[in-house]
>>> print(open('run.csv').read())   # CSV, C-alpha atoms
chain,number,residue,atom,x,y,z
A,1,MET,CA,27.5,52.9,-2.8
A,2,HIS,CA,26.0,52.7,0.7
A,3,GLU,CA,27.8,56.0,1.3
A,4,TRP,CA,25.0,58.0,-0.4
A,5,GLY,CA,22.4,56.5,1.9
A,6,ILE,CA,24.5,57.3,5.0
A,7,ALA,CA,25.2,60.8,3.7
A,8,GLU,CA,21.5,61.4,3.2
A,9,SER,CA,20.7,60.3,6.8
A,10,ILE,CA,23.5,62.3,8.2
A,11,VAL,CA,22.3,65.5,6.5
A,12,ARG,CA,18.7,64.8,7.6
A,13,ALA,CA,19.8,64.1,11.2
A,14,VAL,CA,21.8,67.3,11.4
A,15,LEU,CA,18.9,69.3,9.9
A,16,GLU,CA,16.4,67.8,12.3
A,17,TYR,CA,18.8,68.6,15.2
A,18,ALA,CA,19.4,72.1,14.0
A,19,GLU,CA,15.7,72.8,13.6
A,20,GLY,CA,15.0,71.4,17.1
A,21,GLU,CA,17.7,73.6,18.7
A,22,GLY,CA,16.8,76.8,16.7
A,23,ILE,CA,20.2,76.7,14.8
A,24,LYS,CA,20.2,78.9,11.7
A,25,ARG,CA,23.4,77.9,10.0
A,26,VAL,CA,25.8,74.9,10.3
A,27,TRP,CA,29.4,75.6,9.3
A,28,GLU,CA,31.0,72.3,10.1
A,29,VAL,CA,30.0,68.7,10.7
A,30,VAL,CA,32.5,66.4,12.4
A,31,ILE,CA,31.9,62.7,11.9
A,32,SER,CA,33.7,59.9,13.6
A,33,VAL,CA,34.2,57.0,11.2
A,34,GLY,CA,35.4,53.6,12.4
A,35,GLU,CA,37.8,51.7,10.1
A,36,LEU,CA,35.5,48.6,10.2
A,37,SER,CA,32.8,50.4,8.3
A,38,GLN,CA,35.1,50.4,5.3
A,39,LEU,CA,33.5,53.7,4.0
A,40,ASP,CA,34.9,55.6,1.0
A,41,LEU,CA,35.2,59.0,2.7
A,42,GLU,CA,35.6,61.0,-0.6
A,43,VAL,CA,32.3,59.6,-1.8
A,44,LEU,CA,30.7,60.3,1.6
A,45,ARG,CA,32.0,63.9,1.6
A,46,TYR,CA,30.8,64.5,-2.0
A,47,ALA,CA,27.4,63.0,-1.3
A,48,ALA,CA,26.9,65.0,1.9
A,49,GLU,CA,27.9,68.3,0.2
A,50,THR,CA,25.7,67.6,-2.7
A,51,LEU,CA,22.7,66.7,-0.5
A,52,SER,CA,23.2,69.8,1.6
A,53,LYS,CA,22.5,72.2,-1.2
A,54,GLY,CA,19.6,74.4,-0.6
A,55,THR,CA,19.5,73.7,3.1
A,56,PRO,CA,21.0,75.5,6.2
A,57,LEU,CA,23.9,73.0,5.7
A,58,GLU,CA,24.9,74.3,2.3
A,59,GLY,CA,28.6,75.1,2.2
A,60,ALA,CA,29.3,73.3,5.5
A,61,VAL,CA,32.6,71.5,5.8
A,62,PHE,CA,32.3,67.8,6.5
A,63,LYS,CA,35.3,66.6,8.5
A,64,PHE,CA,36.1,62.9,9.3
A,65,ASP,CA,37.8,61.7,12.5
A,66,GLU,CA,39.1,58.4,11.2
A,67,GLU,CA,39.2,55.8,14.0
A,68,GLU,CA,41.6,52.9,13.6
A,69,ALA,CA,40.0,49.5,14.5
A,70,ARG,CA,41.7,47.9,17.5
A,71,PHE,CA,40.8,44.6,19.2
A,72,LYS,CA,41.6,43.0,22.6
A,73,CYS,CA,41.1,39.4,23.5
A,74,ASN,CA,39.2,38.9,26.8
A,75,ARG,CA,40.8,35.4,27.2
A,76,CYS,CA,44.5,35.9,26.6
A,77,GLY,CA,44.8,39.7,26.6
A,78,TRP,CA,46.3,39.9,23.1
A,79,GLU,CA,45.7,43.2,21.2
A,80,TRP,CA,45.7,43.6,17.4
A,81,GLY,CA,44.5,45.8,14.6
A,82,PHE,CA,42.3,45.3,11.5
A,83,GLU,CA,45.2,45.2,9.2
A,84,ASP,CA,46.5,42.1,11.1
A,85,ILE,CA,43.4,40.1,10.2
A,86,LYS,CA,42.0,41.8,7.1
A,87,SER,CA,43.3,39.2,4.6
A,88,SER,CA,42.2,36.3,6.7
A,89,ILE,CA,38.7,37.9,7.1
A,90,GLU,CA,38.5,38.4,3.3
A,91,GLU,CA,39.3,34.7,2.8
A,92,LYS,CA,37.1,33.4,5.6
A,93,VAL,CA,33.9,35.4,5.1
A,94,GLY,CA,33.0,33.8,1.8
A,95,VAL,CA,30.0,36.2,1.3
A,96,ARG,CA,30.1,39.5,-0.6
A,97,VAL,CA,27.5,42.1,-1.3
A,98,ARG,CA,27.4,43.1,-4.9
A,99,ASP,CA,27.3,46.9,-5.3
A,100,LEU,CA,24.9,47.9,-8.0
A,101,GLU,CA,27.4,50.6,-9.0
A,102,GLY,CA,30.3,48.2,-9.3
A,103,GLY,CA,32.5,46.1,-7.0
A,104,ASN,CA,31.8,43.9,-4.1
A,105,ASP,CA,31.7,44.7,-0.4
A,106,LEU,CA,32.4,42.7,2.7
A,107,PRO,CA,29.2,42.5,4.9
A,108,ILE,CA,31.0,44.5,7.6
A,109,HIS,CA,30.7,47.6,5.3
A,110,TYR,CA,26.9,47.5,6.2
A,111,MET,CA,27.0,45.7,9.6
A,112,PRO,CA,30.4,46.2,11.3
A,113,GLU,CA,29.3,44.2,14.3
A,114,LEU,CA,29.5,41.1,12.2
A,115,ILE,CA,33.2,41.2,12.8
A,116,TYR,CA,32.4,39.2,15.9
A,117,THR,CA,31.2,36.4,13.7
A,118,TYR,CA,34.0,36.6,11.1
A,119,ALA,CA,37.0,37.2,13.4
A,120,SER,CA,38.7,35.5,16.3
A,121,CYS,CA,41.8,36.2,18.4
A,122,PRO,CA,44.8,35.7,16.2
A,123,LYS,CA,46.8,34.3,19.2
A,124,CYS,CA,44.4,31.9,21.0
A,125,GLY,CA,41.5,31.6,18.6
A,126,SER,CA,38.8,32.8,21.1
A,127,SER,CA,35.7,34.6,19.9
A,128,ASP,CA,35.5,36.4,23.3
A,129,PHE,CA,37.2,39.7,22.2
A,130,GLU,CA,36.4,43.4,22.3
A,131,VAL,CA,36.4,45.9,19.5
A,132,VAL,CA,38.2,48.6,21.5
A,133,SER,CA,37.8,51.2,18.8
A,134,GLY,CA,36.9,51.8,15.1
A,135,MET,CA,33.4,50.3,14.9
A,136,GLY,CA,30.7,52.7,13.8
A,137,VAL,CA,29.9,56.1,12.3
A,138,LYS,CA,28.6,59.0,14.4
A,139,ILE,CA,28.1,62.7,14.1
A,140,VAL,CA,30.3,64.0,17.0
A,141,ARG,CA,30.5,67.8,16.7
A,142,LEU,CA,28.8,70.7,14.9
A,143,ARG,CA,30.0,74.3,14.4
A,144,VAL,CA,27.0,76.5,14.1
A,145,ASP,CA,25.5,80.0,14.2
A,146,GLU,CA,22.7,80.2,16.8
B,147,MET,CA,24.8,66.6,21.5
B,148,SER,CA,27.2,65.4,24.2
B,149,GLU,CA,26.9,61.8,23.1
B,150,GLY,CA,26.9,62.5,19.4
B,151,LEU,CA,24.1,62.1,16.9
B,152,ASP,CA,23.2,58.6,15.7
B,153,TYR,CA,22.1,59.0,12.1
B,154,ARG,CA,20.7,55.5,12.0
B,155,TYR,CA,17.4,56.4,13.7
B,156,VAL,CA,16.7,58.9,11.0
B,157,ALA,CA,17.8,56.4,8.3
B,158,ALA,CA,15.5,53.7,9.8
B,159,ARG,CA,12.5,55.9,9.9
B,160,ALA,CA,13.1,57.0,6.3
B,161,ASN,CA,13.5,53.4,5.2
B,162,LEU,CA,10.2,52.4,6.8
B,163,SER,CA,8.2,55.4,5.6
B,164,PRO,CA,7.0,53.6,2.4
B,165,VAL,CA,5.8,50.6,4.5
B,166,ARG,CA,2.1,50.8,5.4
B,167,LYS,CA,2.0,48.5,8.3
B,168,VAL,CA,4.7,46.8,10.5
B,169,LEU,CA,3.6,43.7,12.2
B,170,LEU,CA,5.8,42.5,15.1
B,171,VAL,CA,5.5,38.7,15.6
B,172,CYS,CA,6.5,38.2,19.2
B,173,SER,CA,6.6,35.5,21.8
B,174,GLY,CA,7.5,35.3,25.5
B,175,LYS,CA,9.7,32.3,25.0
B,176,GLY,CA,11.5,30.3,22.3
B,177,GLY,CA,10.2,27.1,20.8
B,178,VAL,CA,6.6,28.2,20.2
B,179,GLY,CA,6.9,28.2,16.4
B,180,LYS,CA,7.1,32.0,16.1
B,181,SER,CA,9.6,32.1,13.2
B,182,VAL,CA,7.8,29.6,11.0
B,183,LEU,CA,4.5,31.5,11.7
B,184,ALA,CA,6.0,34.9,10.9
B,185,ALA,CA,7.4,33.7,7.6
B,186,SER,CA,4.1,31.9,6.8
B,187,LEU,CA,2.1,35.0,7.6
B,188,ALA,CA,4.3,37.1,5.2
B,189,LEU,CA,3.7,34.4,2.5
B,190,ALA,CA,-0.1,34.4,3.2
B,191,PHE,CA,-0.3,38.2,2.8
B,192,LYS,CA,1.6,37.9,-0.5
B,193,GLU,CA,-0.8,35.1,-1.7
B,194,LYS,CA,-3.6,37.5,-1.0
B,195,GLY,CA,-2.0,40.0,-3.4
B,196,ARG,CA,-0.4,42.2,-0.9
B,197,LYS,CA,3.2,43.5,-1.1
B,198,ALA,CA,4.8,41.7,1.8
B,199,GLY,CA,8.2,41.8,3.5
B,200,LEU,CA,9.8,39.7,6.2
B,201,LEU,CA,12.4,41.0,8.5
B,202,ASP,CA,14.1,38.1,10.4
B,203,LEU,CA,15.5,39.7,13.5
B,204,ASP,CA,16.3,36.5,15.2
B,205,ILE,CA,20.1,37.2,15.4
B,206,HIS,CA,21.0,34.0,17.1
B,207,GLY,CA,18.9,31.6,15.0
B,208,PRO,CA,17.9,33.2,11.7
B,209,SER,CA,15.7,30.6,9.9
B,210,ALA,CA,13.3,32.5,7.5
B,211,PRO,CA,15.1,31.5,4.3
B,212,LEU,CA,14.4,27.9,5.0
B,213,VAL,CA,10.7,28.5,5.4
B,214,LEU,CA,10.5,30.6,2.3
B,215,ARG,CA,12.6,28.2,0.2
B,216,ALA,CA,15.3,30.7,-0.6
B,217,GLU,CA,18.4,29.4,1.1
B,218,GLU,CA,20.7,30.6,-1.8
B,219,ALA,CA,20.6,34.2,-2.8
B,220,GLU,CA,22.7,36.9,-4.3
B,221,LEU,CA,23.3,39.8,-1.9
B,222,VAL,CA,23.0,43.2,-3.4
B,223,GLY,CA,23.5,46.7,-2.1
B,224,GLY,CA,22.8,50.1,-3.7
B,225,ARG,CA,22.8,53.8,-2.9
B,226,LYS,CA,19.9,53.4,-0.4
B,227,GLY,CA,21.4,50.4,1.3
B,228,LEU,CA,21.0,46.6,1.3
B,229,HIS,CA,18.3,45.2,-1.0
B,230,PRO,CA,16.1,42.5,0.5
B,231,VAL,CA,16.2,39.1,-1.1
B,232,GLU,CA,13.2,38.0,-3.2
B,233,ALA,CA,11.9,34.8,-1.5
B,234,SER,CA,8.7,33.1,-2.9
B,235,GLY,CA,7.5,36.6,-3.8
B,236,VAL,CA,8.2,38.0,-0.3
B,237,LYS,CA,10.9,40.6,0.3
B,238,LEU,CA,13.2,39.1,2.9
B,239,PHE,CA,16.1,40.2,5.0
B,240,SER,CA,17.8,37.6,7.2
B,241,LEU,CA,21.2,37.4,8.7
B,242,TYR,CA,21.2,33.8,7.6
B,243,TYR,CA,22.6,35.0,4.3
B,244,TYR,CA,25.5,36.8,6.0
B,245,VAL,CA,26.5,34.3,8.7
B,246,GLY,CA,25.1,31.0,7.6
B,247,ASP,CA,25.4,28.5,10.5
B,248,ARG,CA,28.1,30.6,12.3
B,249,PRO,CA,27.4,32.1,15.7
B,250,VAL,CA,26.9,35.8,16.2
B,251,PRO,CA,28.4,36.3,19.7
B,252,LEU,CA,27.2,39.8,20.6
B,253,ARG,CA,26.6,41.4,24.0
B,254,GLY,CA,23.7,43.7,24.7
B,255,ALA,CA,24.9,47.1,23.3
B,256,LEU,CA,26.4,45.5,20.3
B,257,LYS,CA,23.2,43.6,19.6
B,258,GLU,CA,21.3,46.8,19.7
B,259,SER,CA,23.8,48.4,17.4
B,260,LEU,CA,23.6,45.6,14.8
B,261,LEU,CA,19.8,45.9,14.9
B,262,LEU,CA,20.0,49.6,14.2
B,263,ASP,CA,22.4,48.8,11.3
B,264,ILE,CA,19.8,46.4,9.9
B,265,LEU,CA,16.8,48.8,10.4
B,266,ALA,CA,18.8,51.7,9.0
B,267,GLY,CA,20.5,49.8,6.2
B,268,VAL,CA,17.9,47.7,4.5
B,269,TYR,CA,15.8,49.5,1.9
B,270,TRP,CA,12.3,47.9,1.6
B,271,GLY,CA,10.6,50.3,-0.8
B,272,GLU,CA,6.8,50.2,-0.8
B,273,LEU,CA,5.2,47.4,1.2
B,274,ASP,CA,1.7,46.8,2.5
B,275,TYR,CA,3.0,44.6,5.3
B,276,LEU,CA,6.4,44.2,6.9
B,277,VAL,CA,6.3,41.2,9.2
B,278,VAL,CA,9.1,41.3,11.8
B,279,ASP,CA,10.2,38.0,13.3
B,280,GLU,CA,11.2,39.2,16.7
B,281,PRO,CA,13.5,37.1,18.9
B,282,PRO,CA,11.7,35.6,21.9
B,283,GLY,CA,11.4,37.6,25.1
B,284,THR,CA,11.5,41.2,26.1
B,285,GLY,CA,15.1,42.0,25.4
B,286,ASP,CA,17.1,44.5,23.4
B,287,GLU,CA,15.8,43.4,20.0
B,288,LEU,CA,12.2,44.1,20.8
B,289,LEU,CA,13.0,47.4,22.6
B,290,VAL,CA,15.1,48.7,19.7
B,291,THR,CA,12.4,47.8,17.2
B,292,LEU,CA,9.7,49.5,19.3
B,293,ARG,CA,11.9,52.6,19.6
B,294,VAL,CA,12.4,52.8,15.8
B,295,VAL,CA,9.0,51.6,14.5
B,296,GLY,CA,6.9,53.1,17.3
B,297,SER,CA,3.4,54.1,16.3
B,298,LYS,CA,3.5,52.2,13.0
B,299,ALA,CA,3.9,48.9,14.8
B,300,SER,CA,1.2,46.4,15.8
B,301,ALA,CA,2.0,43.2,17.6
B,302,VAL,CA,0.9,39.6,17.1
B,303,VAL,CA,1.6,37.5,20.2
B,304,VAL,CA,2.4,33.8,19.7
B,305,THR,CA,2.1,31.2,22.4
B,306,THR,CA,1.4,27.5,22.9
B,307,PRO,CA,-1.3,26.4,25.3
B,308,SER,CA,1.4,25.3,27.9
B,309,ARG,CA,1.1,26.9,31.3
B,310,LEU,CA,4.8,27.9,31.1
B,311,SER,CA,4.5,29.7,27.7
B,312,LEU,CA,1.5,31.6,28.9
B,313,SER,CA,3.0,32.8,32.1
B,314,VAL,CA,6.0,34.3,30.1
B,315,VAL,CA,3.6,35.8,27.5
B,316,ARG,CA,2.0,37.9,30.3
B,317,ARG,CA,5.3,39.8,30.7
B,318,LEU,CA,5.5,40.4,27.0
B,319,VAL,CA,2.0,41.7,26.9
B,320,ASP,CA,2.7,44.0,29.9
B,321,LEU,CA,5.7,45.5,28.1
B,322,LEU,CA,3.8,46.0,24.8
B,323,ARG,CA,0.9,47.7,26.7
B,324,ARG,CA,3.4,49.9,28.6
B,325,GLU,CA,5.0,51.0,25.3
B,326,GLU,CA,1.5,51.6,23.9
B,327,ILE,CA,1.9,49.2,21.0
B,328,LYS,CA,-1.3,48.0,19.5
B,329,ILE,CA,-1.8,44.3,20.1
B,330,VAL,CA,-3.7,42.8,17.2
B,331,GLY,CA,-4.2,39.5,19.0
B,332,LEU,CA,-2.9,36.2,20.1
B,333,VAL,CA,-2.2,33.1,18.1
B,334,GLU,CA,-2.3,29.8,19.9
B,335,ASN,CA,0.2,27.6,18.1
B,336,MET,CA,0.5,23.8,18.4
B,337,SER,CA,-3.0,24.1,19.8
B,338,TYR,CA,-4.1,20.5,19.1
B,339,LEU,CA,-3.4,17.5,17.0
B,340,GLU,CA,-6.1,16.2,14.7
B,341,VAL,CA,-6.6,12.4,15.0
B,342,SER,CA,-9.2,10.2,13.3
B,343,ASP,CA,-11.8,10.6,16.1
B,344,GLY,CA,-11.3,14.2,17.0
B,345,ARG,CA,-8.7,16.6,18.5
B,346,VAL,CA,-6.0,15.9,21.1
B,347,ALA,CA,-4.8,18.9,23.2
B,348,VAL,CA,-1.2,17.9,23.4
B,349,PHE,CA,-0.1,20.8,25.7
B,350,GLY,CA,-3.3,20.8,27.7
B,351,GLU,CA,-6.5,22.7,27.3
B,352,SER,CA,-6.3,26.3,26.1
B,353,ARG,CA,-6.0,29.0,28.7
B,354,VAL,CA,-5.5,32.0,26.4
B,355,ASN,CA,-8.8,33.6,27.4
B,356,ASP,CA,-7.0,34.5,30.7
B,357,LEU,CA,-4.9,37.0,28.9
B,358,GLY,CA,-7.6,39.4,27.9
B,359,ILE,CA,-6.5,39.6,24.3
B,360,ASP,CA,-8.4,38.7,21.2
B,361,LEU,CA,-7.7,35.2,19.8
B,362,LEU,CA,-6.7,35.4,16.1
B,363,GLY,CA,-6.7,31.7,15.7
B,364,ARG,CA,-5.6,28.2,16.9
B,365,ILE,CA,-3.1,26.5,14.7
B,366,PRO,CA,-2.8,22.8,14.9
B,367,LEU,CA,0.3,20.7,15.2
B,368,ASP,CA,0.7,19.5,11.7
B,369,PRO,CA,2.8,16.3,11.5
B,370,GLY,CA,3.4,17.2,7.8
B,371,LEU,CA,5.1,20.6,8.5
B,372,GLU,CA,8.6,19.4,9.4
B,373,GLY,CA,8.7,17.2,6.3
B,374,ALA,CA,7.3,19.9,4.0
B,375,LEU,CA,10.1,22.3,5.2
B,376,ALA,CA,12.9,19.8,5.2
B,377,SER,CA,12.0,18.5,1.7
B,378,GLY,CA,11.9,22.0,0.3
B,379,ARG,CA,8.2,21.8,-0.7
B,380,GLY,CA,7.5,24.7,1.6
B,381,VAL,CA,5.0,25.6,4.2
B,382,LYS,CA,2.0,25.5,1.8
B,383,ALA,CA,2.5,21.7,1.5
B,384,ALA,CA,1.6,21.3,5.1
B,385,THR,CA,-2.1,21.9,4.4
B,386,ARG,CA,-3.6,21.9,7.9
B,387,TYR,CA,-1.0,24.3,9.1
B,388,TRP,CA,-1.2,26.6,6.0
B,389,GLU,CA,-5.0,26.8,6.0
B,390,ALA,CA,-5.0,27.9,9.7
B,391,VAL,CA,-2.3,30.5,9.0
B,392,VAL,CA,-4.3,31.9,6.1
B,393,ARG,CA,-7.3,32.3,8.4
B,394,VAL,CA,-5.1,34.1,10.9
B,395,ALA,CA,-3.8,36.4,8.2
B,396,GLU,CA,-7.4,37.2,7.2
B,397,ARG,CA,-8.3,38.1,10.7
B,398,ILE,CA,-5.2,40.3,11.1
B,399,GLU,CA,-6.1,42.2,7.9
B,400,LYS,CA,-9.7,42.6,9.1
B,401,LYS,CA,-8.6,43.9,12.5
B,402,LEU,CA,-6.0,46.3,11.1
B,403,SER,CA,-8.4,47.8,8.5
B,404,ARG,CA,-10.9,48.9,11.2
>>> encode(input="run.csv", output="structure tokens")
Amino acid sequence: MHEWGIAESIVRAVLEYAEGEGIKRVWEVVISVGELSQLDLEVLRYAAETLSKGTPLEGAVFKFDEEEARFKCNRCGWEWGFEDIKSSIEEKVGVRVRDLEGGNDLPIHYMPELIYTYASCPKCGSSDFEVVSGMGVKIVRLRVDE
Amino acid sequence: MSEGLDYRYVAARANLSPVRKVLLVCSGKGGVGKSVLAASLALAFKEKGRKAGLLDLDIHGPSAPLVLRAEEAELVGGRKGLHPVEASGVKLFSLYYYVGDRPVPLRGALKESLLLDILAGVYWGELDYLVVDEPPGTGDELLVTLRVVGSKASAVVVTTPSRLSLSVVRRLVDLLRREEIKIVGLVENMSYLEVSDGRVAVFGESRVNDLGIDLLGRIPLDPGLEGALASGRGVKAATRYWEAVVRVAERIEKKLSR
């Protein structure tokens, strides 16, 4: 459950930012979440809310902008989504990270950039492609009381 | 926060907070034996009873598991992130376990992002020394590490006596000084070859004194090293190499304790 670690850092990052900007209260935190990170958003939300207790973030709403993963081949121009390659990635990767709390994760759960190692263009087979969207996790907006 | 907040810097600092010292093993160019030296130094610290970790940041050629005789490992993650692998008593993170022999074709910004994932996502716990095997040169990998680790970092610079290696090392030293990173000293690797009637300076006579950095040690070319690693006996089986590394580790400890 990597989500707890991410939630802890998100809460800490927002608190540090709020302190630096003289913000007294944070009401809403909007987080952009790329599909490739394979995060369980319910766990992330629960963890963030739990870890916010007793801080100026307590009671804040955590909203997620889910970003679909899209790819474009630089060689043949083909465009595709994660769903188009997911099953072949699961087959090809061959490595799993055992979660101490149960289950197994693909390494892209921890390091989405490794998609460049595991995937290739479904049409021409090239490794020279772009992840157009849906890669990482970022705090994009806050609603606050100054 | 027009560009958003990247929580990974906070996560990386938190992950490194129980680590007492971060030792960046850097070189100006590839092929000077930096990776084997970094892994060997981590092992030498562990042999001296220290809690040691090795972070293999060589994205394009991760090799530490071979040196530490831990090519197979179960990968485990928990609430705080990825757990390092236990390799000959050293806590190790290497992309080798995730990509094997496959290429990692990343451009600049993506490389930086992957490194941030690693620095933010690997939970080390308490360590006396975290040895970081930096990729050669003064590129993104080094800059990101310096940004995250900052004042906790000290650098060990590795070179061979060759004129080419030394000229590139100058640029690295300039960068480290500009970023105010403490340079513990310089290791001259492949310094000489011991033969029956003395020493042969294969790459020419040493010129490291020109750099104005303390010399931590000269490590010989040990013809037994390649065989020791390839056969799985490990770096300690290459006795000349290993003894020189242990002396370097002792000097580093002495310098860092001042």
>>> closest_atom_pairs(input="run.csv", of="chain A", to="chain B", cutoff="10 Å", atoms="only C-alpha atoms", output="tab-separated table")
residue	atom	partner	partner_atom	distance
A:Met1	CA	B:Arg225	CA	4.8
A:His2	CA	B:Arg225	CA	4.9
A:Glu3	CA	B:Arg225	CA	6.9
A:Trp4	CA	B:Arg225	CA	5.4
A:Gly5	CA	B:Lys226	CA	4.6
A:Ile6	CA	B:Ala157	CA	7.5
A:Ala7	CA	B:Tyr153	CA	9.1
A:Glu8	CA	B:Ala157	CA	8.0
A:Ser9	CA	B:Ala157	CA	5.1
A:Ile10	CA	B:Tyr153	CA	5.3
A:Val11	CA	B:Tyr153	CA	8.6
A:Arg12	CA	B:Val156	CA	7.1
A:Ala13	CA	B:Tyr153	CA	5.7
A:Val14	CA	B:Leu151	CA	7.9
A:Glu16	CA	B:Val156	CA	9.0
A:Tyr17	CA	B:Leu151	CA	8.6
A:Val30	CA	B:Gly150	CA	9.8
A:Ile31	CA	B:Gly150	CA	9.0
A:Ser32	CA	B:Gly150	CA	9.3
A:Val93	CA	B:Val245	CA	8.3
A:Gly94	CA	B:Tyr244	CA	9.1
A:Val95	CA	B:Tyr244	CA	6.5
A:Arg96	CA	B:Leu221	CA	6.9
A:Val97	CA	B:Leu221	CA	4.8
A:Arg98	CA	B:Val222	CA	4.6
A:Asp99	CA	B:Gly223	CA	5.0
A:Leu100	CA	B:Gly224	CA	5.3
A:Glu101	CA	B:Gly224	CA	7.0
A:Gly102	CA	B:Gly224	CA	9.6
A:Asn104	CA	B:Val222	CA	8.9
A:Asp105	CA	B:Gly223	CA	8.6
A:Leu106	CA	B:Tyr244	CA	9.7
A:Pro107	CA	B:Tyr244	CA	6.9
A:Ile108	CA	B:Tyr244	CA	9.6
A:Tyr110	CA	B:Gly267	CA	6.8
A:Met111	CA	B:Asp263	CA	5.8
A:Pro112	CA	B:Leu260	CA	7.7
A:Glu113	CA	B:Leu260	CA	5.9
A:Leu114	CA	B:Val250	CA	7.1
A:Ile115	CA	B:Val250	CA	9.0
A:Tyr116	CA	B:Pro251	CA	6.2
A:Thr117	CA	B:Val250	CA	5.0
A:Tyr118	CA	B:Val245	CA	8.2
A:Ser127	CA	B:Pro251	CA	7.5
A:Asp128	CA	B:Pro251	CA	8.0
A:Phe129	CA	B:Pro251	CA	9.8
A:Gly136	CA	B:Ser259	CA	8.9
A:Val137	CA	B:Asp152	CA	7.9
A:Lys138	CA	B:Asp152	CA	5.6
A:Ile139	CA	B:Leu151	CA	4.9
A:Val140	CA	B:Gly150	CA	4.4
A:Arg141	CA	B:Gly150	CA	7.0
A:Leu142	CA	B:Met147	CA	8.7
>>> residues_near_point(input="run.csv", point="(1.5, 25.7, 30.1)", cutoff="10 Å", atoms="all atoms listed in the file", output="list in words")
Thr305, Thr306, Pro307, Ser308, Arg309, Leu310, Ser311, Leu312, Ser313, Val314, Phe349, Gly350, Glu351, Ser352 and Arg353 of chain B
>>> write_last_selection(input="run.csv", atoms="C-alpha atoms", output="CSV table (one decimal), in the frame of the given file")
chain,number,residue,atom,x,y,z
B,305,THR,CA,2.1,31.2,22.4
B,306,THR,CA,1.4,27.5,22.9
B,307,PRO,CA,-1.3,26.4,25.3
B,308,SER,CA,1.4,25.3,27.9
B,309,ARG,CA,1.1,26.9,31.3
B,310,LEU,CA,4.8,27.9,31.1
B,311,SER,CA,4.5,29.7,27.7
B,312,LEU,CA,1.5,31.6,28.9
B,313,SER,CA,3.0,32.8,32.1
B,314,VAL,CA,6.0,34.3,30.1
B,349,PHE,CA,-0.1,20.8,25.7
B,350,GLY,CA,-3.3,20.8,27.7
B,351,GLU,CA,-6.5,22.7,27.3
B,352,SER,CA,-6.3,26.3,26.1
B,353,ARG,CA,-6.0,29.0,28.7
>>> closest_residue(input="run.csv", among="A:Ile85, A:Leu39, A:Val132, A:Ile23", to="Val144 (chain A)", atoms="all atoms listed in the file")
A:Ile23
>>> closest_residue(input="run.csv", among="B:Glu389, B:Leu339, B:Glu396, B:Pro230", to="Pro369 (chain B)", atoms="all atoms listed in the file")
B:Leu339
>>> residues_around(input="run.csv", residues="region 70-83 of chain A", least_positions_apart="6", cutoff="10 Å", atoms="only C-alpha atoms", output="ChimeraX atom specification")
/A:34-36,89,119-135
>>> residues_around(input="run.csv", residues="region 293-302 of chain B", least_positions_apart="2", cutoff="7 Å", atoms="all atoms listed in the file", output="list in words")
Tyr155, Ala158, Arg159, Lys167, Val168, Leu169, Leu170, Val171, Cys172, Leu289, Val290, Thr291, Val304, Ile327, Lys328, Ile329, Val330, Gly331 and Leu332 of chain B
>>> write_last_selection(input="run.csv", atoms="C-alpha atoms", output="short mmCIF file (atom, residue, chain, number, x, y, z; two decimals), in the coordinates of the input")
data_model
loop_
_atom_site.label_atom_id
_atom_site.label_comp_id
_atom_site.auth_asym_id
_atom_site.auth_seq_id
_atom_site.Cartn_x
_atom_site.Cartn_y
_atom_site.Cartn_z
CA TYR B 155 17.40 56.40 13.70
CA ALA B 158 15.50 53.70 9.80
CA ARG B 159 12.50 55.90 9.90
CA LYS B 167 2.00 48.50 8.30
CA VAL B 168 4.70 46.80 10.50
CA LEU B 169 3.60 43.70 12.20
CA LEU B 170 5.80 42.50 15.10
CA VAL B 171 5.50 38.70 15.60
CA CYS B 172 6.50 38.20 19.20
CA LEU B 289 13.00 47.40 22.60
CA VAL B 290 15.10 48.70 19.70
CA THR B 291 12.40 47.80 17.20
CA VAL B 304 2.40 33.80 19.70
CA ILE B 327 1.90 49.20 21.00
CA LYS B 328 -1.30 48.00 19.50
CA ILE B 329 -1.80 44.30 20.10
CA VAL B 330 -3.70 42.80 17.20
CA GLY B 331 -4.20 39.50 19.00
CA LEU B 332 -2.90 36.20 20.10
#
>>> closest_residue(input="run.csv", among="A:Glu67, A:Phe62, A:Lys86, A:Arg143", to="Thr50 (chain A)", atoms="all atoms listed in the file")
A:Phe62
>>> decode(input="run.csv", residues="region 71-76 of chain A", atoms="N, CA and C atoms", output="compact mmCIF listing (two decimals), in the first residue's frame")
# COMPACT_ATOMS: atom_id res chain seq x y z
N PHE A 71 -0.60 7.42 -25.38
CA PHE A 71 0.74 7.28 -25.94
C PHE A 71 0.73 7.66 -27.42
N LYS A 72 1.89 8.15 -27.89
CA LYS A 72 2.01 8.44 -29.33
C LYS A 72 3.38 8.00 -29.81
N CYS A 73 3.40 7.27 -30.91
CA CYS A 73 4.66 6.79 -31.46
C CYS A 73 5.35 7.89 -32.26
N ASN A 74 6.61 8.13 -31.97
CA ASN A 74 7.36 9.16 -32.70
C ASN A 74 7.79 8.67 -34.07
N ARG A 75 7.71 7.37 -34.28
CA ARG A 75 8.18 6.82 -35.56
C ARG A 75 7.05 6.70 -36.57
N CYS A 76 5.91 6.13 -36.16
CA CYS A 76 4.84 5.92 -37.15
C CYS A 76 3.60 6.78 -36.87
